[in-house]
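Here is data_2.txt, consisting of compact mmCIF, N, CA and C atoms:
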# COMPACT_ATOMS: atom_id res chain seq x y z
N MET T 1 68.40 33.62 -7.94
CA MET T 1 68.60 32.25 -8.32
C MET T 1 68.63 32.15 -9.84
N SER T 2 69.53 31.46 -10.30
CA SER T 2 69.64 31.29 -11.74
C SER T 2 69.02 29.96 -12.14
N THR T 3 68.80 29.78 -13.41
CA THR T 3 68.16 28.57 -13.91
C THR T 3 69.03 27.34 -13.71
N SER T 4 70.30 27.54 -13.52
CA SER T 4 71.18 26.39 -13.37
C SER T 4 71.27 25.92 -11.94
N GLU T 5 70.76 26.71 -10.99
CA GLU T 5 70.82 26.31 -9.58
C GLU T 5 69.73 25.29 -9.28
N PHE T 6 70.06 24.40 -8.37
CA PHE T 6 69.14 23.33 -7.98
C PHE T 6 68.72 23.57 -6.54
N ASP T 7 67.41 23.72 -6.31
CA ASP T 7 66.91 23.92 -4.95
C ASP T 7 66.12 22.68 -4.55
N PRO T 8 66.67 21.81 -3.73
CA PRO T 8 65.99 20.57 -3.37
C PRO T 8 64.68 20.82 -2.61
N ARG T 9 64.64 21.90 -1.82
CA ARG T 9 63.42 22.18 -1.06
C ARG T 9 62.25 22.50 -1.98
N LEU T 10 62.52 23.24 -3.01
CA LEU T 10 61.49 23.59 -3.98
C LEU T 10 60.97 22.33 -4.69
N HIS T 11 61.87 21.44 -5.07
CA HIS T 11 61.45 20.19 -5.71
C HIS T 11 60.66 19.31 -4.75
N GLN T 12 61.04 19.33 -3.48
CA GLN T 12 60.31 18.56 -2.47
C GLN T 12 58.90 19.11 -2.31
N GLN T 13 58.76 20.42 -2.24
CA GLN T 13 57.45 21.04 -2.10
C GLN T 13 56.58 20.78 -3.33
N LEU T 14 57.19 20.86 -4.51
CA LEU T 14 56.44 20.56 -5.72
C LEU T 14 56.00 19.09 -5.74
N GLY T 15 56.85 18.21 -5.29
CA GLY T 15 56.49 16.79 -5.20
C GLY T 15 55.34 16.55 -4.24
N GLU T 16 55.40 17.22 -3.07
CA GLU T 16 54.32 17.08 -2.09
C GLU T 16 53.01 17.64 -2.65
N LEU T 17 53.08 18.77 -3.31
CA LEU T 17 51.90 19.38 -3.92
C LEU T 17 51.31 18.47 -4.98
N LEU T 18 52.19 17.90 -5.81
CA LEU T 18 51.73 16.97 -6.84
C LEU T 18 51.08 15.74 -6.22
N ALA T 19 51.65 15.23 -5.13
CA ALA T 19 51.07 14.07 -4.44
C ALA T 19 49.70 14.42 -3.87
N GLU T 20 49.55 15.60 -3.30
CA GLU T 20 48.25 16.03 -2.75
C GLU T 20 47.21 16.16 -3.86
N VAL T 21 47.61 16.71 -4.99
CA VAL T 21 46.69 16.86 -6.11
C VAL T 21 46.25 15.48 -6.58
N ARG T 22 47.19 14.53 -6.67
CA ARG T 22 46.83 13.17 -7.07
C ARG T 22 45.88 12.53 -6.05
N ASN T 23 46.17 12.73 -4.76
CA ASN T 23 45.28 12.19 -3.71
C ASN T 23 43.87 12.78 -3.82
N LEU T 24 43.83 14.09 -4.06
CA LEU T 24 42.51 14.73 -4.21
C LEU T 24 41.79 14.21 -5.44
N ARG T 25 42.52 14.02 -6.53
CA ARG T 25 41.92 13.50 -7.75
C ARG T 25 41.40 12.08 -7.53
N ASP T 26 42.17 11.24 -6.83
CA ASP T 26 41.73 9.88 -6.53
C ASP T 26 40.50 9.89 -5.61
N ALA T 27 40.53 10.77 -4.61
CA ALA T 27 39.39 10.87 -3.70
C ALA T 27 38.15 11.32 -4.46
N PHE T 28 38.34 12.27 -5.39
CA PHE T 28 37.23 12.75 -6.20
C PHE T 28 36.67 11.62 -7.06
N ARG T 29 37.54 10.83 -7.65
CA ARG T 29 37.09 9.69 -8.47
C ARG T 29 36.32 8.69 -7.63
N GLN T 30 36.84 8.39 -6.45
CA GLN T 30 36.14 7.44 -5.57
C GLN T 30 34.78 7.99 -5.16
N ALA T 31 34.73 9.29 -4.87
CA ALA T 31 33.44 9.90 -4.52
C ALA T 31 32.47 9.83 -5.70
N GLU T 32 32.97 10.05 -6.89
CA GLU T 32 32.12 9.95 -8.09
C GLU T 32 31.62 8.52 -8.29
N ILE T 33 32.49 7.55 -8.07
CA ILE T 33 32.08 6.15 -8.21
C ILE T 33 31.00 5.81 -7.18
N LYS T 34 31.20 6.24 -5.93
CA LYS T 34 30.19 6.00 -4.89
C LYS T 34 28.87 6.68 -5.25
N SER T 35 28.99 7.90 -5.73
CA SER T 35 27.79 8.65 -6.10
C SER T 35 27.06 7.96 -7.26
N ASP T 36 27.82 7.52 -8.26
CA ASP T 36 27.20 6.80 -9.39
C ASP T 36 26.53 5.52 -8.92
N THR T 37 27.20 4.79 -8.04
CA THR T 37 26.62 3.54 -7.50
C THR T 37 25.34 3.84 -6.73
N SER T 38 25.40 4.87 -5.90
CA SER T 38 24.22 5.24 -5.10
C SER T 38 23.06 5.65 -5.99
N ARG T 39 23.35 6.46 -7.02
CA ARG T 39 22.29 6.88 -7.94
C ARG T 39 21.72 5.68 -8.69
N SER T 40 22.60 4.77 -9.07
CA SER T 40 22.14 3.57 -9.79
C SER T 40 21.21 2.75 -8.90
N GLN T 41 21.59 2.57 -7.63
CA GLN T 41 20.73 1.83 -6.71
C GLN T 41 19.41 2.55 -6.49
N MET T 42 19.47 3.88 -6.38
CA MET T 42 18.25 4.65 -6.18
C MET T 42 17.31 4.51 -7.39
N HIS T 43 17.89 4.56 -8.58
CA HIS T 43 17.06 4.40 -9.78
C HIS T 43 16.46 3.00 -9.83
N GLY T 44 17.23 2.00 -9.40
CA GLY T 44 16.70 0.63 -9.35
C GLY T 44 15.53 0.53 -8.39
N ARG T 45 15.67 1.15 -7.23
CA ARG T 45 14.57 1.14 -6.24
C ARG T 45 13.36 1.88 -6.78
N LEU T 46 13.59 3.00 -7.44
CA LEU T 46 12.47 3.75 -8.02
C LEU T 46 11.76 2.93 -9.10
N ASP T 47 12.54 2.21 -9.90
CA ASP T 47 11.92 1.36 -10.92
C ASP T 47 11.05 0.29 -10.28
N LEU T 48 11.56 -0.33 -9.20
CA LEU T 48 10.77 -1.34 -8.49
C LEU T 48 9.50 -0.71 -7.91
N LEU T 49 9.66 0.48 -7.35
CA LEU T 49 8.51 1.17 -6.77
C LEU T 49 7.47 1.50 -7.83
N VAL T 50 7.93 1.95 -8.99
CA VAL T 50 7.00 2.25 -10.09
C VAL T 50 6.26 0.99 -10.51
N ASP T 51 6.97 -0.14 -10.60
CA ASP T 51 6.32 -1.40 -10.96
C ASP T 51 5.27 -1.78 -9.92
N ARG T 52 5.63 -1.65 -8.64
CA ARG T 52 4.69 -2.03 -7.58
C ARG T 52 3.47 -1.13 -7.58
N VAL T 53 3.68 0.17 -7.77
CA VAL T 53 2.54 1.10 -7.81
C VAL T 53 1.65 0.78 -9.00
N GLY T 54 2.26 0.43 -10.13
CA GLY T 54 1.46 0.05 -11.30
C GLY T 54 0.61 -1.17 -11.02
N LYS T 55 1.18 -2.16 -10.34
CA LYS T 55 0.43 -3.36 -9.99
C LYS T 55 -0.71 -3.03 -9.03
N VAL T 56 -0.41 -2.17 -8.05
CA VAL T 56 -1.45 -1.77 -7.09
C VAL T 56 -2.58 -1.04 -7.80
N GLU T 57 -2.24 -0.15 -8.73
CA GLU T 57 -3.28 0.56 -9.48
C GLU T 57 -4.13 -0.42 -10.28
N GLY T 58 -3.50 -1.41 -10.89
CA GLY T 58 -4.26 -2.42 -11.64
C GLY T 58 -5.18 -3.20 -10.73
N THR T 59 -4.67 -3.57 -9.56
CA THR T 59 -5.49 -4.33 -8.61
C THR T 59 -6.65 -3.49 -8.11
N VAL T 60 -6.40 -2.23 -7.81
CA VAL T 60 -7.47 -1.34 -7.33
C VAL T 60 -8.53 -1.18 -8.41
N ALA T 61 -8.12 -1.05 -9.65
CA ALA T 61 -9.09 -0.92 -10.74
C ALA T 61 -9.94 -2.18 -10.85
N ALA T 62 -9.30 -3.35 -10.71
CA ALA T 62 -10.05 -4.61 -10.77
C ALA T 62 -11.04 -4.71 -9.61
N VAL T 63 -10.60 -4.31 -8.42
CA VAL T 63 -11.48 -4.36 -7.25
C VAL T 63 -12.65 -3.40 -7.43
N GLN T 64 -12.39 -2.23 -7.98
CA GLN T 64 -13.49 -1.28 -8.22
C GLN T 64 -14.49 -1.83 -9.22
N GLU T 65 -14.01 -2.52 -10.23
CA GLU T 65 -14.93 -3.16 -11.19
C GLU T 65 -15.77 -4.21 -10.48
N ASP T 66 -15.11 -5.03 -9.63
CA ASP T 66 -15.85 -6.06 -8.90
C ASP T 66 -16.91 -5.44 -8.00
N ILE T 67 -16.54 -4.36 -7.33
CA ILE T 67 -17.49 -3.69 -6.43
C ILE T 67 -18.67 -3.14 -7.24
N THR T 68 -18.37 -2.57 -8.39
CA THR T 68 -19.43 -2.03 -9.24
C THR T 68 -20.38 -3.15 -9.67
N GLU T 69 -19.81 -4.32 -10.00
CA GLU T 69 -20.65 -5.45 -10.39
C GLU T 69 -21.43 -6.02 -9.20
N MET T 70 -20.87 -5.95 -8.01
CA MET T 70 -21.51 -6.53 -6.82
C MET T 70 -22.61 -5.64 -6.25
N ARG T 71 -22.50 -4.36 -6.49
CA ARG T 71 -23.44 -3.42 -5.86
C ARG T 71 -24.91 -3.76 -6.15
N PRO T 72 -25.32 -4.04 -7.39
CA PRO T 72 -26.73 -4.38 -7.62
C PRO T 72 -27.16 -5.65 -6.88
N VAL T 73 -26.26 -6.62 -6.81
CA VAL T 73 -26.59 -7.87 -6.10
C VAL T 73 -26.77 -7.59 -4.61
N THR T 74 -25.88 -6.79 -4.07
CA THR T 74 -25.97 -6.45 -2.65
C THR T 74 -27.27 -5.69 -2.37
N ASP T 75 -27.62 -4.77 -3.23
CA ASP T 75 -28.87 -4.03 -3.04
C ASP T 75 -30.08 -4.97 -3.11
N ASP T 76 -30.05 -5.94 -4.04
CA ASP T 76 -31.14 -6.91 -4.14
C ASP T 76 -31.23 -7.74 -2.86
N VAL T 77 -30.10 -8.18 -2.37
CA VAL T 77 -30.10 -9.00 -1.14
C VAL T 77 -30.64 -8.20 0.03
N ARG T 78 -30.28 -6.95 0.13
CA ARG T 78 -30.82 -6.10 1.21
C ARG T 78 -32.34 -5.98 1.07
N ARG T 79 -32.79 -5.75 -0.15
CA ARG T 79 -34.23 -5.62 -0.37
C ARG T 79 -34.94 -6.92 0.00
N TRP T 80 -34.37 -8.07 -0.42
CA TRP T 80 -34.98 -9.36 -0.07
C TRP T 80 -35.00 -9.55 1.44
N LYS T 81 -33.94 -9.16 2.09
CA LYS T 81 -33.87 -9.30 3.55
C LYS T 81 -34.97 -8.47 4.21
N LEU T 82 -35.10 -7.22 3.75
CA LEU T 82 -36.15 -6.38 4.32
C LEU T 82 -37.53 -6.95 4.04
N MET T 83 -37.72 -7.45 2.82
CA MET T 83 -39.01 -8.05 2.49
C MET T 83 -39.24 -9.30 3.34
N GLY T 84 -38.19 -10.08 3.53
CA GLY T 84 -38.30 -11.29 4.35
C GLY T 84 -38.62 -10.96 5.79
N LEU T 85 -37.98 -9.93 6.33
CA LEU T 85 -38.27 -9.53 7.70
C LEU T 85 -39.70 -9.03 7.81
N GLY T 86 -40.13 -8.30 6.81
CA GLY T 86 -41.52 -7.83 6.82
C GLY T 86 -42.49 -9.00 6.76
N ALA T 87 -42.18 -9.97 5.90
CA ALA T 87 -43.05 -11.15 5.79
C ALA T 87 -43.04 -11.94 7.09
N LEU T 88 -41.86 -12.08 7.70
CA LEU T 88 -41.79 -12.79 8.98
C LEU T 88 -42.61 -12.07 10.05
N GLY T 89 -42.55 -10.75 10.01
CA GLY T 89 -43.34 -9.99 10.98
C GLY T 89 -44.83 -10.22 10.78
N VAL T 90 -45.28 -10.20 9.52
CA VAL T 90 -46.70 -10.44 9.23
C VAL T 90 -47.09 -11.85 9.65
N VAL T 91 -46.24 -12.83 9.30
CA VAL T 91 -46.54 -14.22 9.68
C VAL T 91 -46.55 -14.36 11.20
N GLY T 92 -45.63 -13.68 11.84
CA GLY T 92 -45.59 -13.75 13.31
C GLY T 92 -46.84 -13.17 13.94
N LEU T 93 -47.25 -12.02 13.43
CA LEU T 93 -48.48 -11.42 13.96
C LEU T 93 -49.69 -12.30 13.67
N GLY T 94 -49.71 -12.85 12.45
CA GLY T 94 -50.83 -13.74 12.09
C GLY T 94 -50.81 -14.99 12.96
N GLY T 95 -49.63 -15.54 13.19
CA GLY T 95 -49.53 -16.73 14.05
C GLY T 95 -49.95 -16.44 15.47
N THR T 96 -49.59 -15.26 15.95
CA THR T 96 -49.99 -14.89 17.31
C THR T 96 -51.51 -14.74 17.38
N ALA T 97 -52.07 -14.07 16.39
CA ALA T 97 -53.52 -13.90 16.37
C ALA T 97 -54.21 -15.25 16.28
N LEU T 98 -53.71 -16.15 15.42
CA LEU T 98 -54.30 -17.49 15.31
C LEU T 98 -54.18 -18.25 16.61
N GLY T 99 -53.00 -18.13 17.25
CA GLY T 99 -52.80 -18.83 18.53
C GLY T 99 -53.75 -18.33 19.59
N VAL T 100 -53.94 -17.02 19.66
CA VAL T 100 -54.87 -16.46 20.65
C VAL T 100 -56.29 -16.92 20.33
N SER T 101 -56.63 -16.90 19.05
CA SER T 101 -57.98 -17.33 18.66
C SER T 101 -58.20 -18.80 19.00
N LEU T 102 -57.22 -19.65 18.67
CA LEU T 102 -57.34 -21.07 18.98
C LEU T 102 -57.40 -21.31 20.49
N ALA T 103 -56.64 -20.55 21.23
CA ALA T 103 -56.68 -20.70 22.69
C ALA T 103 -58.07 -20.35 23.20
N GLY T 104 -58.65 -19.30 22.64
CA GLY T 104 -60.02 -18.95 23.05
C GLY T 104 -61.02 -20.03 22.67
N VAL T 105 -60.85 -20.61 21.47
CA VAL T 105 -61.76 -21.67 21.02
C VAL T 105 -61.61 -22.89 21.92
N PHE T 106 -60.36 -23.29 22.18
CA PHE T 106 -60.15 -24.46 23.06
C PHE T 106 -60.69 -24.21 24.46
N ASP T 107 -60.55 -23.00 24.94
CA ASP T 107 -61.08 -22.67 26.26
C ASP T 107 -62.59 -22.83 26.28
N ARG T 108 -63.26 -22.36 25.24
CA ARG T 108 -64.72 -22.49 25.16
C ARG T 108 -65.13 -23.96 25.00
N VAL T 109 -64.36 -24.71 24.19
CA VAL T 109 -64.70 -26.13 24.01
C VAL T 109 -64.55 -26.87 25.32
N ILE T 110 -63.49 -26.59 26.05
CA ILE T 110 -63.28 -27.27 27.33
C ILE T 110 -64.38 -26.87 28.30
N LYS T 111 -64.76 -25.64 28.36
CA LYS T 111 -65.82 -25.20 29.22
C LYS T 111 -67.16 -25.84 28.82
N TYR T 112 -67.37 -25.97 27.53
CA TYR T 112 -68.61 -26.58 27.04
C TYR T 112 -68.66 -28.06 27.42
N LEU T 113 -67.51 -28.72 27.30
CA LEU T 113 -67.46 -30.15 27.63
C LEU T 113 -67.59 -30.39 29.13
N HIS T 114 -67.16 -29.52 29.93
CA HIS T 114 -67.21 -29.68 31.39
C HIS T 114 -68.52 -29.18 31.96
N GLY T 115 -69.17 -28.53 31.25
CA GLY T 115 -70.33 -28.18 31.92
C GLY T 115 -71.24 -27.19 31.46
Would you kindly transcribe this structure into structure tokens?
Amino acid sequence: MSTSEFDPRLHQQLGELLAEVRNLRDAFRQAEIKSDTSRSQMHGRLDLLVDRVGKVEGTVAAVQEDITEMRPVTDDVRRWKLMGLGALGVVGLGGTALGVSLAGVFDRVIKYLHG
């Protein structure tokens, strides 16, 4: 074949090849755009997650401070409760003893009055 000859089949094949390369290049660009969009959305979600975790850490720190401040009060209340229960027990025993003693006294007084 000389340079002056024209082969339409060769030009057709080159045209088809060029069209395929363009299609592949367009597909690659679209894939890159999708990938960039996906990465951008992922980074946005990660930023939101980092913000939320930061807020949770701040809240947990505040709650821990509150618990630290409440612990002495809670211990005091428990101690008072135990002391109160102990005092109630002593008063109850004393009341029972007094009641039994008074019942004995009233029994003797009634017996004395009757006879």
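Straight-line separation from atom N of Gly86 (chain T) to CA of Leu98 (chain T): 18.9 Å.
Here atom N of Thr74 (chain T) and atom N of Val60 (chain T) stand 20.4 Å from one another.
The interatomic distance for the pair atom C of Ala61 (chain T) and CA of Val73 (chain T) works out to 18.2 Å.
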